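Novice: Input structure: protein_9.csv, which contains CSV, C-alpha atoms.
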```
chain,number,residue,atom,x,y,z
X,1,MET,CA,39.5,126.7,173.9
X,2,PHE,CA,41.6,124.8,176.5
X,3,ALA,CA,45.4,125.5,176.6
X,4,SER,CA,48.2,125.0,179.0
X,5,GLY,CA,51.0,126.8,177.1
X,6,GLY,CA,51.9,129.9,175.2
X,7,GLY,CA,48.7,129.8,173.1
X,8,SER,CA,50.1,130.1,169.6
X,9,ASN,CA,47.3,127.9,168.3
X,10,LEU,CA,44.8,130.0,170.2
X,11,GLN,CA,46.3,133.1,168.4
X,12,ALA,CA,45.9,131.3,165.1
X,13,ILE,CA,42.3,130.7,165.8
X,14,ILE,CA,41.7,134.3,167.0
X,15,ASP,CA,43.3,135.5,163.8
X,16,HIS,CA,41.3,133.0,161.6
X,17,VAL,CA,38.0,134.0,163.3
X,18,HIS,CA,38.9,137.6,162.7
X,19,THR,CA,39.5,137.0,159.0
X,20,LEU,CA,36.2,135.2,158.7
X,21,GLY,CA,34.4,138.4,159.7
X,22,ALA,CA,31.0,139.1,161.0
X,23,HIS,CA,29.3,135.9,159.7
X,24,ALA,CA,32.0,133.5,161.1
X,25,PRO,CA,30.4,130.2,162.3
X,26,VAL,CA,32.9,130.3,165.2
X,27,VAL,CA,32.6,132.6,168.3
X,28,LEU,CA,35.5,132.2,170.6
X,29,ALA,CA,33.6,132.3,173.8
X,30,LEU,CA,36.0,131.1,176.5
X,31,VAL,CA,39.6,130.2,177.1
X,32,VAL,CA,40.4,127.8,179.9
X,33,SER,CA,43.8,127.1,181.3
X,34,ASP,CA,45.1,124.9,184.1
X,35,ARG,CA,48.1,127.3,184.5
X,36,VAL,CA,47.5,130.7,185.9
X,37,ALA,CA,50.6,132.1,184.0
X,38,ALA,CA,49.7,130.5,180.7
X,39,GLY,CA,50.4,132.8,177.7
X,40,ALA,CA,47.1,131.6,176.3
X,41,LEU,CA,45.2,133.5,179.1
X,42,ALA,CA,47.1,136.7,178.3
X,43,ARG,CA,46.4,136.3,174.6
X,44,ALA,CA,42.7,135.7,175.3
X,45,ARG,CA,42.4,138.9,177.5
X,46,SER,CA,44.2,140.9,174.8
X,47,ALA,CA,41.6,139.7,172.3
X,48,GLU,CA,38.8,140.4,174.8
X,49,VAL,CA,37.9,136.8,175.0
X,50,PRO,CA,36.7,135.6,178.5
X,51,ALA,CA,39.6,133.7,180.1
X,52,VAL,CA,39.5,131.5,183.2
X,53,TRP,CA,42.1,129.7,185.2
X,54,VAL,CA,40.9,126.3,186.5
X,55,ALA,CA,43.5,124.8,188.7
X,56,LYS,CA,44.1,121.0,188.5
X,57,ASP,CA,42.3,120.3,191.8
X,58,ARG,CA,39.2,122.1,190.4
X,59,SER,CA,38.8,120.2,187.2
X,60,HIS,CA,35.5,118.8,188.4
X,61,GLU,CA,34.1,122.4,188.1
X,62,LEU,CA,34.8,122.4,184.3
X,63,GLY,CA,31.3,121.1,183.4
X,64,GLY,CA,29.6,123.9,185.3
X,65,ILE,CA,31.9,126.6,183.9
X,66,LEU,CA,31.3,125.4,180.3
X,67,GLU,CA,27.5,125.4,180.9
X,68,ARG,CA,27.5,128.9,182.3
X,69,HIS,CA,29.3,130.2,179.3
X,70,ALA,CA,27.0,128.2,177.0
X,71,ILE,CA,29.9,126.5,175.3
X,72,THR,CA,28.9,124.3,172.3
X,73,HIS,CA,32.3,123.1,171.1
X,74,ILE,CA,35.7,122.6,172.8
X,75,ALA,CA,39.2,122.7,171.1
X,76,LEU,CA,42.2,121.6,173.1
X,77,ALA,CA,45.5,123.2,172.0
X,78,GLY,CA,48.4,122.0,174.1
X,79,TYR,CA,46.2,121.3,177.1
X,80,LEU,CA,48.2,118.9,179.1
X,81,ARG,CA,45.6,117.6,181.5
X,82,LEU,CA,43.1,114.7,180.9
X,83,VAL,CA,39.7,116.3,180.4
X,84,PRO,CA,37.1,114.7,182.8
X,85,THR,CA,35.1,112.0,181.1
X,86,ALA,CA,31.9,113.8,182.2
X,87,VAL,CA,33.0,116.6,179.8
X,88,THR,CA,34.3,114.4,177.0
X,89,SER,CA,31.0,112.4,177.1
X,90,ALA,CA,28.8,115.5,177.1
X,91,TYR,CA,30.7,117.0,174.2
X,92,ARG,CA,31.1,113.8,172.2
X,93,GLY,CA,31.6,114.8,168.5
X,94,ARG,CA,32.1,118.5,169.6
X,95,ILE,CA,35.5,118.3,171.3
X,96,VAL,CA,38.7,118.2,169.3
X,97,ASN,CA,42.5,118.1,170.0
X,98,VAL,CA,45.6,118.7,167.9
X,99,HIS,CA,48.5,116.4,168.3
X,100,PRO,CA,51.9,117.3,166.8
X,101,ALA,CA,52.6,113.9,165.0
X,102,LEU,CA,50.8,111.6,162.6
X,103,LEU,CA,48.8,109.4,165.0
X,104,PRO,CA,48.7,106.5,165.7
X,105,ALA,CA,52.5,106.9,165.6
X,106,PHE,CA,54.1,108.9,168.4
X,107,GLY,CA,51.0,109.3,170.6
X,108,GLY,CA,49.9,108.1,174.0
X,109,PRO,CA,50.8,108.9,177.6
X,110,GLY,CA,54.0,111.0,177.9
X,111,MET,CA,53.9,112.0,174.2
X,112,TYR,CA,53.5,115.7,174.3
X,113,GLY,CA,55.5,118.8,173.3
X,114,HIS,CA,59.2,118.2,172.6
X,115,HIS,CA,58.9,114.5,173.7
X,116,VAL,CA,56.9,113.9,170.5
X,117,HIS,CA,59.5,115.5,168.1
X,118,GLU,CA,62.4,113.9,169.9
X,119,ALA,CA,60.8,110.5,169.4
X,120,VAL,CA,60.1,111.2,165.7
X,121,ILE,CA,63.8,112.1,165.2
X,122,GLN,CA,65.1,109.3,167.3
X,123,ARG,CA,63.1,106.8,165.1
X,124,GLY,CA,64.3,108.4,161.9
X,125,ALA,CA,60.8,109.0,160.5
X,126,ARG,CA,60.8,111.0,157.3
X,127,VAL,CA,57.4,112.5,157.7
X,128,SER,CA,55.5,114.0,160.7
X,129,GLY,CA,52.8,116.6,161.0
X,130,PRO,CA,49.7,117.6,163.0
X,131,THR,CA,46.8,115.3,163.6
X,132,VAL,CA,43.4,116.9,164.5
X,133,HIS,CA,41.1,114.4,166.2
X,134,PHE,CA,38.0,114.1,168.2
X,135,VAL,CA,38.7,113.5,171.9
X,136,ASP,CA,37.4,110.5,173.8
X,137,ALA,CA,38.3,109.1,177.2
X,138,HIS,CA,41.8,108.0,176.0
X,139,TYR,CA,44.8,110.1,175.1
X,140,ASP,CA,45.3,110.4,171.4
X,141,GLU,CA,43.0,107.6,170.4
X,142,GLY,CA,39.9,109.5,169.2
X,143,PRO,CA,38.6,109.5,165.6
X,144,ILE,CA,41.0,111.4,163.3
X,145,ILE,CA,39.7,114.4,161.4
X,146,ALA,CA,42.7,115.6,159.5
X,147,GLN,CA,46.5,115.0,159.2
X,148,TRP,CA,48.8,117.3,157.3
X,149,PRO,CA,52.2,115.7,156.7
X,150,VAL,CA,55.5,117.7,156.7
X,151,PRO,CA,59.0,116.5,155.9
X,152,VAL,CA,61.5,115.5,158.6
X,153,LEU,CA,65.0,116.5,157.4
X,154,GLU,CA,68.3,115.0,158.4
X,155,GLN,CA,69.6,118.1,160.1
X,156,ASP,CA,66.3,118.6,162.1
X,157,THR,CA,66.4,119.1,165.8
X,158,ALA,CA,63.3,118.7,167.9
X,159,GLU,CA,63.1,122.5,167.8
X,160,SER,CA,63.3,122.9,164.0
X,161,LEU,CA,60.8,120.0,163.5
X,162,ALA,CA,58.4,121.5,166.1
X,163,ALA,CA,58.5,124.8,164.2
X,164,ARG,CA,57.6,123.1,160.9
X,165,VAL,CA,54.8,121.1,162.5
X,166,LEU,CA,53.5,124.1,164.4
X,167,LYS,CA,53.3,126.1,161.1
X,168,ALA,CA,51.1,123.3,159.7
X,169,GLU,CA,49.0,123.2,162.9
X,170,HIS,CA,48.3,126.9,162.6
X,171,ALA,CA,47.0,126.5,159.1
X,172,LEU,CA,45.1,123.3,159.8
X,173,PHE,CA,43.5,123.6,163.3
X,174,PRO,CA,41.5,126.8,162.7
X,175,ARG,CA,40.1,125.3,159.5
X,176,CYS,CA,39.0,122.2,161.3
X,177,ILE,CA,37.4,124.2,164.1
X,178,GLU,CA,35.5,126.3,161.5
X,179,ALA,CA,34.3,123.2,159.7
X,180,LEU,CA,33.3,121.6,162.9
X,181,CYS,CA,31.3,124.6,164.2
X,182,ALA,CA,29.7,125.1,160.7
X,183,GLY,CA,28.5,121.5,160.9
X,184,ARG,CA,30.6,120.3,157.9
X,185,ILE,CA,32.4,117.7,160.1
X,186,THR,CA,30.4,115.2,162.1
X,187,LEU,CA,31.1,112.2,164.2
X,188,GLY,CA,28.9,109.2,163.4
X,189,ASP,CA,27.5,106.9,166.0
X,190,ASP,CA,29.8,104.3,164.5
X,191,GLY,CA,32.8,106.4,165.4
X,192,ARG,CA,33.5,107.4,161.7
X,193,VAL,CA,34.2,111.0,160.8
X,194,HIS,CA,32.2,112.5,158.0
X,195,GLY,CA,33.1,115.5,155.9
X,196,ALA,CA,36.9,115.1,156.5
X,197,ASP,CA,38.0,114.9,152.8
X,198,ALA,CA,37.6,118.6,152.5
X,199,LEU,CA,40.3,119.0,155.1
X,200,ALA,CA,42.9,116.7,153.4
X,201,SER,CA,46.3,118.3,152.9
X,202,PRO,CA,46.2,120.6,149.9
X,203,GLN,CA,49.7,119.4,149.1
X,204,LEU,CA,48.6,115.8,148.5
X,205,PRO,CA,46.1,115.7,145.6
X,206,ALA,CA,44.4,112.3,145.6
A,1,MET,CA,65.3,91.6,144.1
A,2,PHE,CA,63.2,89.4,146.4
A,3,ALA,CA,59.5,89.1,145.8
A,4,SER,CA,56.7,86.8,146.7
A,5,GLY,CA,53.9,88.3,144.7
A,6,GLY,CA,53.0,89.6,141.3
A,7,GLY,CA,56.1,91.8,141.0
A,8,SER,CA,54.6,95.2,140.1
A,9,ASN,CA,57.4,96.8,142.1
A,10,LEU,CA,59.9,94.6,140.2
A,11,GLN,CA,58.4,95.9,137.0
A,12,ALA,CA,58.7,99.5,138.1
A,13,ILE,CA,62.4,98.9,138.8
A,14,ILE,CA,62.9,97.1,135.5
A,15,ASP,CA,61.3,100.1,133.7
A,16,HIS,CA,63.3,102.6,135.8
A,17,VAL,CA,66.6,100.9,135.1
A,18,HIS,CA,65.7,100.8,131.4
A,19,THR,CA,65.0,104.6,131.3
A,20,LEU,CA,68.4,105.2,133.1
A,21,GLY,CA,70.1,103.7,130.1
A,22,ALA,CA,73.6,102.3,129.6
A,23,HIS,CA,75.2,104.2,132.5
A,24,ALA,CA,72.6,103.2,135.1
A,25,PRO,CA,74.2,102.6,138.5
A,26,VAL,CA,71.8,99.6,138.9
A,27,VAL,CA,72.0,96.3,137.2
A,28,LEU,CA,69.2,93.9,138.0
A,29,ALA,CA,71.2,90.8,138.5
A,30,LEU,CA,68.8,88.3,140.1
A,31,VAL,CA,65.2,87.9,141.1
A,32,VAL,CA,64.5,85.5,144.0
A,33,SER,CA,61.1,84.2,145.0
A,34,ASP,CA,59.9,81.8,147.6
A,35,ARG,CA,56.9,81.0,145.4
A,36,VAL,CA,57.4,79.1,142.3
A,37,ALA,CA,54.3,80.6,140.7
A,38,ALA,CA,55.1,84.2,141.6
A,39,GLY,CA,54.4,86.7,138.9
A,40,ALA,CA,57.7,88.3,139.7
A,41,LEU,CA,59.6,85.3,138.4
A,42,ALA,CA,57.7,85.5,135.1
A,43,ARG,CA,58.3,89.2,134.8
A,44,ALA,CA,62.0,88.6,135.5
A,45,ARG,CA,62.3,86.0,132.7
A,46,SER,CA,60.4,88.3,130.3
A,47,ALA,CA,63.0,91.0,131.0
A,48,GLU,CA,65.9,88.4,130.7
A,49,VAL,CA,66.8,88.8,134.3
A,50,PRO,CA,68.0,85.6,136.1
A,51,ALA,CA,65.2,84.3,138.2
A,52,VAL,CA,65.4,81.6,140.9
A,53,TRP,CA,62.8,79.9,143.1
A,54,VAL,CA,64.1,79.3,146.6
A,55,ALA,CA,61.5,77.3,148.5
A,56,LYS,CA,61.0,78.2,152.2
A,57,ASP,CA,62.8,75.1,153.4
A,58,ARG,CA,65.9,76.1,151.4
A,59,SER,CA,66.3,79.7,152.7
A,60,HIS,CA,69.6,78.7,154.2
A,61,GLU,CA,70.9,78.4,150.7
A,62,LEU,CA,70.2,82.1,150.0
A,63,GLY,CA,73.7,83.3,151.1
A,64,GLY,CA,75.4,81.0,148.6
A,65,ILE,CA,73.0,81.9,145.8
A,66,LEU,CA,73.6,85.6,146.3
A,67,GLU,CA,77.4,85.0,146.4
A,68,ARG,CA,77.4,83.0,143.1
A,69,HIS,CA,75.5,85.9,141.4
A,70,ALA,CA,77.9,88.5,142.9
A,71,ILE,CA,74.9,90.4,144.4
A,72,THR,CA,75.9,93.7,146.0
A,73,HIS,CA,72.5,95.0,147.1
A,74,ILE,CA,69.1,93.5,147.9
A,75,ALA,CA,65.7,95.0,147.5
A,76,LEU,CA,62.6,93.3,149.0
A,77,ALA,CA,59.4,94.0,147.3
A,78,GLY,CA,56.5,92.2,148.9
A,79,TYR,CA,58.8,89.4,150.0
A,80,LEU,CA,56.8,87.7,152.8
A,81,ARG,CA,59.5,85.6,154.4
A,82,LEU,CA,61.9,86.8,157.1
A,83,VAL,CA,65.3,87.0,155.4
A,84,PRO,CA,67.9,84.9,157.3
A,85,THR,CA,70.0,87.0,159.7
A,86,ALA,CA,73.1,85.8,158.1
A,87,VAL,CA,72.0,87.6,154.9
A,88,THR,CA,70.7,90.8,156.7
A,89,SER,CA,74.0,91.0,158.6
A,90,ALA,CA,76.2,90.4,155.5
A,91,TYR,CA,74.2,93.0,153.6
A,92,ARG,CA,73.8,95.6,156.4
A,93,GLY,CA,73.3,99.0,154.7
A,94,ARG,CA,72.7,97.3,151.4
A,95,ILE,CA,69.3,95.6,151.9
A,96,VAL,CA,66.1,97.6,151.7
A,97,ASN,CA,62.4,96.9,151.9
A,98,VAL,CA,59.2,98.8,151.0
A,99,HIS,CA,56.3,98.7,153.4
A,100,PRO,CA,52.9,100.1,152.3
A,101,ALA,CA,52.3,102.4,155.3
A,102,LEU,CA,54.0,105.2,157.2
A,103,LEU,CA,56.1,103.3,159.7
A,104,PRO,CA,56.3,103.0,162.7
A,105,ALA,CA,52.5,103.0,162.3
A,106,PHE,CA,50.9,99.9,160.8
A,107,GLY,CA,54.0,97.7,160.8
A,108,GLY,CA,55.2,94.6,162.5
A,109,PRO,CA,54.2,90.9,162.4
A,110,GLY,CA,51.1,90.2,160.4
A,111,MET,CA,51.1,93.6,158.8
A,112,TYR,CA,51.5,92.9,155.1
A,113,GLY,CA,49.4,93.3,152.0
A,114,HIS,CA,45.7,94.1,152.5
A,115,HIS,CA,46.0,93.7,156.3
A,116,VAL,CA,48.0,97.0,156.3
A,117,HIS,CA,45.4,99.0,154.3
A,118,GLU,CA,42.5,97.5,156.3
A,119,ALA,CA,44.2,98.6,159.6
A,120,VAL,CA,44.7,102.1,158.2
A,121,ILE,CA,41.1,102.4,157.2
A,122,GLN,CA,39.8,100.8,160.4
A,123,ARG,CA,41.9,103.4,162.5
A,124,GLY,CA,40.6,106.2,160.3
A,125,ALA,CA,44.1,107.6,159.5
A,126,ARG,CA,44.0,110.4,156.9
A,127,VAL,CA,47.4,109.8,155.5
A,128,SER,CA,49.2,106.6,154.5
A,129,GLY,CA,51.9,105.9,152.0
A,130,PRO,CA,55.0,103.8,151.3
A,131,THR,CA,58.0,103.6,153.6
A,132,VAL,CA,61.4,102.5,152.2
A,133,HIS,CA,63.8,101.3,154.9
A,134,PHE,CA,66.9,99.3,155.5
A,135,VAL,CA,66.2,95.8,156.7
A,136,ASP,CA,67.6,94.5,159.9
A,137,ALA,CA,66.7,91.4,161.9
A,138,HIS,CA,63.3,92.7,162.9
A,139,TYR,CA,60.3,93.2,160.7
A,140,ASP,CA,59.7,96.8,159.7
A,141,GLU,CA,62.0,98.3,162.3
A,142,GLY,CA,65.1,99.2,160.3
A,143,PRO,CA,66.3,102.7,159.6
A,144,ILE,CA,63.9,104.6,157.4
A,145,ILE,CA,65.1,106.0,154.1
A,146,ALA,CA,62.0,107.7,152.6
A,147,GLN,CA,58.3,108.1,153.2
A,148,TRP,CA,55.9,109.5,150.6
A,149,PRO,CA,52.5,110.3,152.1
A,150,VAL,CA,49.2,109.9,150.2
A,151,PRO,CA,45.7,110.9,151.3
A,152,VAL,CA,43.3,108.4,152.7
A,153,LEU,CA,39.7,109.3,151.6
A,154,GLU,CA,36.4,108.6,153.3
A,155,GLN,CA,35.2,106.3,150.6
A,156,ASP,CA,38.4,104.4,150.4
A,157,THR,CA,38.4,100.6,150.5
A,158,ALA,CA,41.6,98.6,151.2
A,159,GLU,CA,41.7,98.1,147.5
A,160,SER,CA,41.5,101.7,146.4
A,161,LEU,CA,43.9,102.8,149.1
A,162,ALA,CA,46.3,100.0,148.1
A,163,ALA,CA,46.2,101.2,144.5
A,164,ARG,CA,47.1,104.8,145.6
A,165,VAL,CA,49.9,103.7,147.9
A,166,LEU,CA,51.3,101.3,145.2
A,167,LYS,CA,51.4,104.1,142.7
A,168,ALA,CA,53.6,106.1,145.1
A,169,GLU,CA,55.7,102.9,145.8
A,170,HIS,CA,56.3,102.6,142.0
A,171,ALA,CA,57.6,106.1,141.9
A,172,LEU,CA,59.6,106.0,145.1
A,173,PHE,CA,61.2,102.6,145.4
A,174,PRO,CA,63.2,102.6,142.1
A,175,ARG,CA,64.6,106.1,143.0
A,176,CYS,CA,65.7,104.7,146.4
A,177,ILE,CA,67.3,101.7,144.8
A,178,GLU,CA,69.1,103.9,142.3
A,179,ALA,CA,70.3,106.3,145.0
A,180,LEU,CA,71.5,103.3,147.2
A,181,CYS,CA,73.4,101.6,144.3
A,182,ALA,CA,74.9,104.9,143.3
A,183,GLY,CA,76.2,105.4,146.9
A,184,ARG,CA,74.1,108.5,147.5
A,185,ILE,CA,72.3,106.8,150.4
A,186,THR,CA,74.4,105.3,153.2
A,187,LEU,CA,73.7,103.8,156.6
A,188,GLY,CA,76.0,105.0,159.4
A,189,ASP,CA,77.4,102.8,162.1
A,190,ASP,CA,75.1,104.8,164.5
A,191,GLY,CA,72.1,103.5,162.6
A,192,ARG,CA,71.4,106.9,161.0
A,193,VAL,CA,70.6,107.2,157.3
A,194,HIS,CA,72.6,109.8,155.3
A,195,GLY,CA,71.6,111.3,152.0
A,196,ALA,CA,67.8,110.8,152.5
A,197,ASP,CA,66.7,114.4,152.1
A,198,ALA,CA,67.0,114.1,148.4
A,199,LEU,CA,64.3,111.4,148.5
A,200,ALA,CA,61.8,113.4,150.5
A,201,SER,CA,58.4,113.6,148.9
A,202,PRO,CA,58.4,116.2,146.1
A,203,GLN,CA,54.8,117.1,147.2
A,204,LEU,CA,56.0,118.4,150.6
A,205,PRO,CA,58.4,121.3,150.2
A,206,ALA,CA,60.2,121.9,153.5
```
Is it possible to express this structure as structure tokens?

Specialist:
Amino acid sequence: MFASGGGSNLQAIIDHVHTLGAHAPVVLALVVSDRVAAGALARARSAEVPAVWVAKDRSHELGGILERHAITHIALAGYLRLVPTAVTSAYRGRIVNVHPALLPAFGGPGMYGHHVHEAVIQRGARVSGPTVHFVDAHYDEGPIIAQWPVPVLEQDTAESLAARVLKAEHALFPRCIEALCAGRITLGDDGRVHGADALASPQLPA
Amino acid sequence: MFASGGGSNLQAIIDHVHTLGAHAPVVLALVVSDRVAAGALARARSAEVPAVWVAKDRSHELGGILERHAITHIALAGYLRLVPTAVTSAYRGRIVNVHPALLPAFGGPGMYGHHVHEAVIQRGARVSGPTVHFVDAHYDEGPIIAQWPVPVLEQDTAESLAARVLKAEHALFPRCIEALCAGRITLGDDGRVHGADALASPQLPA
């Protein structure tokens, strides 16, 4: 797991893996942060998960670190640096990100954290929600695995909308990671995602 | 109502107004089409609603036609021509459109009909759905009134997705038109829409 911030998504995954019990297909093997003071590192240590700080000028070391920890899959949760292409290439189909809006809307460079929710409210969109997607060399452009819409209300601020989206993220992202690690989600050579229907929003029956 | 095509949204509105009964806040006073053979014109005549064909080279006559029919509100349903700015200005806050995707994604010039659904499937989005919005001088950029998401499934074709989105359109658009004509939806001078929370998707409780 890569994180730059407080690590609430990390905590959701820690909790989800815990509820899955001994036969979970997911073992949280390493938390990486570019910020030495990231809450995610503290949460990892509290949960007895190996945690390392990799400063921005040492990102070329990431490949070696992942190899030493025998990392098979990577989940980015509020990780604000571009992952080196050597890593995204090596982990093609095994590296995922969560974005707090319904891509392709409200994505791309500069669209992170509160900037996303402010743009959604500024545009007057009536739905938002997390997108979980495979990571490629470009920000927010990888193949989409799941999107869970939530309403945007007239009185919403960026903060109240962020809270609603985050709640959906905390339900969705651990399920996606579990499905990915269990092999139920795959990325085809053609760039299509297979197995994603099972991760459609339970609130939207087809 | 302005339409270029078969008029299934027009039919949904005819049916909705019928169920509202004698005290409906909506009277369907005129159907305009740029295509003489549009199914919408035939549906209008069947429902005894005045129907006029306004060829593309006569769009400057639209203002006078609307005035003669004492039209207070305009709904575009698959109307493929840009409405003259004289009309969009005169009807500011009283002219709405339905777009078959979740704007601001999959909108803009060239994005109509099957092109929209093909683009959604090509990008691999997991949600789509109709957007109802006020119309201004630019395609698909006006203030958004309501968006009802529907799932996009792995086996979807543009046709199967179009059918799912259209079903949501037929439920949503008449409600929006009723709310607008009843004065429950308004467009502020600041470009914000008021009263839209009541039109949030019933499938997405806040």

Novice: Mind giving me the straight-line distance from atom CA of A:Pro143 to atom CA of X:Lys167 in Å, one decimal?

Specialist: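 So the answer is 26.8 Å.
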
Novice: Using all atoms listed in the file, select each residue of chain A with any atom at most 8 Å away from an atom of chain X, and give the selection as a ChimeraX atom specification.

Specialist: /A:103-105,123-127,143-151,153-154,164,192-194,196-197,200-201,203-206

Novice: Residues of the last selection are to be written out with C-alpha atoms, as a short mmCIF file (atom, residue, chain, number, x, y, z; two decimals), in the coordinates of the input.

Specialist:
```cif
data_model
loop_
_atom_site.label_atom_id
_atom_site.label_comp_id
_atom_site.auth_asym_id
_atom_site.auth_seq_id
_atom_site.Cartn_x
_atom_site.Cartn_y
_atom_site.Cartn_z
CA LEU A 103 56.10 103.30 159.70
CA PRO A 104 56.30 103.00 162.70
CA ALA A 105 52.50 103.00 162.30
CA ARG A 123 41.90 103.40 162.50
CA GLY A 124 40.60 106.20 160.30
CA ALA A 125 44.10 107.60 159.50
CA ARG A 126 44.00 110.40 156.90
CA VAL A 127 47.40 109.80 155.50
CA PRO A 143 66.30 102.70 159.60
CA ILE A 144 63.90 104.60 157.40
CA ILE A 145 65.10 106.00 154.10
CA ALA A 146 62.00 107.70 152.60
CA GLN A 147 58.30 108.10 153.20
CA TRP A 148 55.90 109.50 150.60
CA PRO A 149 52.50 110.30 152.10
CA VAL A 150 49.20 109.90 150.20
CA PRO A 151 45.70 110.90 151.30
CA LEU A 153 39.70 109.30 151.60
CA GLU A 154 36.40 108.60 153.30
CA ARG A 164 47.10 104.80 145.60
CA ARG A 192 71.40 106.90 161.00
CA VAL A 193 70.60 107.20 157.30
CA HIS A 194 72.60 109.80 155.30
CA ALA A 196 67.80 110.80 152.50
CA ASP A 197 66.70 114.40 152.10
CA ALA A 200 61.80 113.40 150.50
CA SER A 201 58.40 113.60 148.90
CA GLN A 203 54.80 117.10 147.20
CA LEU A 204 56.00 118.40 150.60
CA PRO A 205 58.40 121.30 150.20
CA ALA A 206 60.20 121.90 153.50
#
```

Novice: What does the distance from atom CA of X:Ala22 to atom CA of X:Ala51 come to in Å, to one decimal?

Specialist: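 If I compute the distance from atom CA of X:Ala22 to atom CA of X:Ala51, I get 21.6 Å.
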
Novice: Nearest to A:Cys176: which of A:Gly113, A:Gly39, A:Pro100, A:Pro25 is it, counting only C-alpha atoms?

Specialist: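 When distances to A:Cys176 are compared using only C-alpha atoms, the smallest one comes from A:Pro25.
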
Novice: Nearest residue to X:Arg68 out of X:Gly93, X:Pro50, X:Gly188, X:Gly5, using all atoms listed in the file?

Specialist: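 Under the stated criterion, the closest residue is X:Pro50.
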
Novice: Considering only C-alpha atoms, state which residue in the set A:Leu62, A:Ala168, A:Val116, A:Val132 is at the smallest distance from A:Thr85.

Specialist: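 Smallest separation from A:Thr85 among the options: A:Leu62.
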
Novice: Please identify all polymer residues lying at most 7 Å from the point (46.5, 121.8, 166.8) (file coordinates), using all atoms listed in the file, and present the result as JSON, numbers by chain.

Specialist: {"X": [9, 77, 97, 98, 99, 130, 132, 169, 170, 173]}

Novice: For atom CA of A:Val27 and atom CA of A:Gly129, determine how far apart the two atoms are, in Å to one decimal place.

Specialist: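 Between atom CA of A:Val27 and atom CA of A:Gly129 the gap is 26.7 Å.
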
Novice: At a cut-off of 9 Å, using only C-alpha atoms, what residues contact A:Leu30? Leave out same-chain residues fewer than 5 positions from it and give the result as a PyMOL selection string.

Specialist: chain A and resi 1-2+44+49-52+66+69+71

Novice: Could you save those same residues with C-alpha atoms as a compact mmCIF listing (two decimals), keeping the file's coordinate frame?

Specialist:
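Output file part_25.txt is given in full below:
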```txt
# COMPACT_ATOMS: atom_id res chain seq x y z
CA MET A 1 65.30 91.60 144.10
CA PHE A 2 63.20 89.40 146.40
CA ALA A 44 62.00 88.60 135.50
CA VAL A 49 66.80 88.80 134.30
CA PRO A 50 68.00 85.60 136.10
CA ALA A 51 65.20 84.30 138.20
CA VAL A 52 65.40 81.60 140.90
CA LEU A 66 73.60 85.60 146.30
CA HIS A 69 75.50 85.90 141.40
CA ILE A 71 74.90 90.40 144.40
```

Novice: Tell me which protein, DNA and RNA residues are within 12 Å of A:Ser46, counting all atoms listed in the file, leaving out same-chain ones fewer than 4 positions away, and put them as a list of chain:residue names.

Specialist: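 Non-adjacent residues within range: A:Leu10, A:Gln11, A:Ile14, A:Val31, A:Gly39, A:Ala40, A:Leu41, A:Ala42, A:Pro50, A:Ala51.
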
Novice: Would you list the contacts of X:Asp57 as a PyMOL selection string, taking every protein, DNA or RNA residue within 12 Å and counting all atoms listed in the file, but skipping same-chain residues closer than 5 positions in sequence?

Specialist: chain X and resi 34-35+62+81+84

Novice: Include C-alpha atoms and write out the residues we just selected as an mmCIF file, in the frame of the given file.

Specialist:
```
data_model
loop_
_atom_site.group_PDB
_atom_site.id
_atom_site.type_symbol
_atom_site.label_atom_id
_atom_site.label_comp_id
_atom_site.auth_asym_id
_atom_site.auth_seq_id
_atom_site.Cartn_x
_atom_site.Cartn_y
_atom_site.Cartn_z
ATOM 1 C CA ASP X 34 45.100 124.900 184.100
ATOM 2 C CA ARG X 35 48.100 127.300 184.500
ATOM 3 C CA LEU X 62 34.800 122.400 184.300
ATOM 4 C CA ARG X 81 45.600 117.600 181.500
ATOM 5 C CA PRO X 84 37.100 114.700 182.800
#
```

Novice: Got a sec to check which residues sit within 9 Å of (70.1, 96.3, 157.1), counting all atoms listed in the file, and write them as a JSON list (two decimals) with C-alpha atoms, in the coordinates of the input?

Specialist:
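Everything below was put into selection.json:
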```
[["chain", "number", "residue", "atom", "x", "y", "z"],
["A", 88, "THR", "CA", 70.70, 90.80, 156.70],
["A", 89, "SER", "CA", 74.00, 91.00, 158.60],
["A", 90, "ALA", "CA", 76.20, 90.40, 155.50],
["A", 91, "TYR", "CA", 74.20, 93.00, 153.60],
["A", 92, "ARG", "CA", 73.80, 95.60, 156.40],
["A", 93, "GLY", "CA", 73.30, 99.00, 154.70],
["A", 94, "ARG", "CA", 72.70, 97.30, 151.40],
["A", 95, "ILE", "CA", 69.30, 95.60, 151.90],
["A", 96, "VAL", "CA", 66.10, 97.60, 151.70],
["A", 133, "HIS", "CA", 63.80, 101.30, 154.90],
["A", 134, "PHE", "CA", 66.90, 99.30, 155.50],
["A", 135, "VAL", "CA", 66.20, 95.80, 156.70],
["A", 136, "ASP", "CA", 67.60, 94.50, 159.90],
["A", 137, "ALA", "CA", 66.70, 91.40, 161.90],
["A", 142, "GLY", "CA", 65.10, 99.20, 160.30],
["A", 143, "PRO", "CA", 66.30, 102.70, 159.60],
["A", 187, "LEU", "CA", 73.70, 103.80, 156.60]]
```

Novice: Please determine, counting all atoms listed in the file, which residue among A:Asp190, A:Arg175, A:Arg45, A:His117 has the shortest atom-to-atom distance to A:Val17.

Specialist: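 For A:Val17, the nearest of the given residues is A:Arg175.
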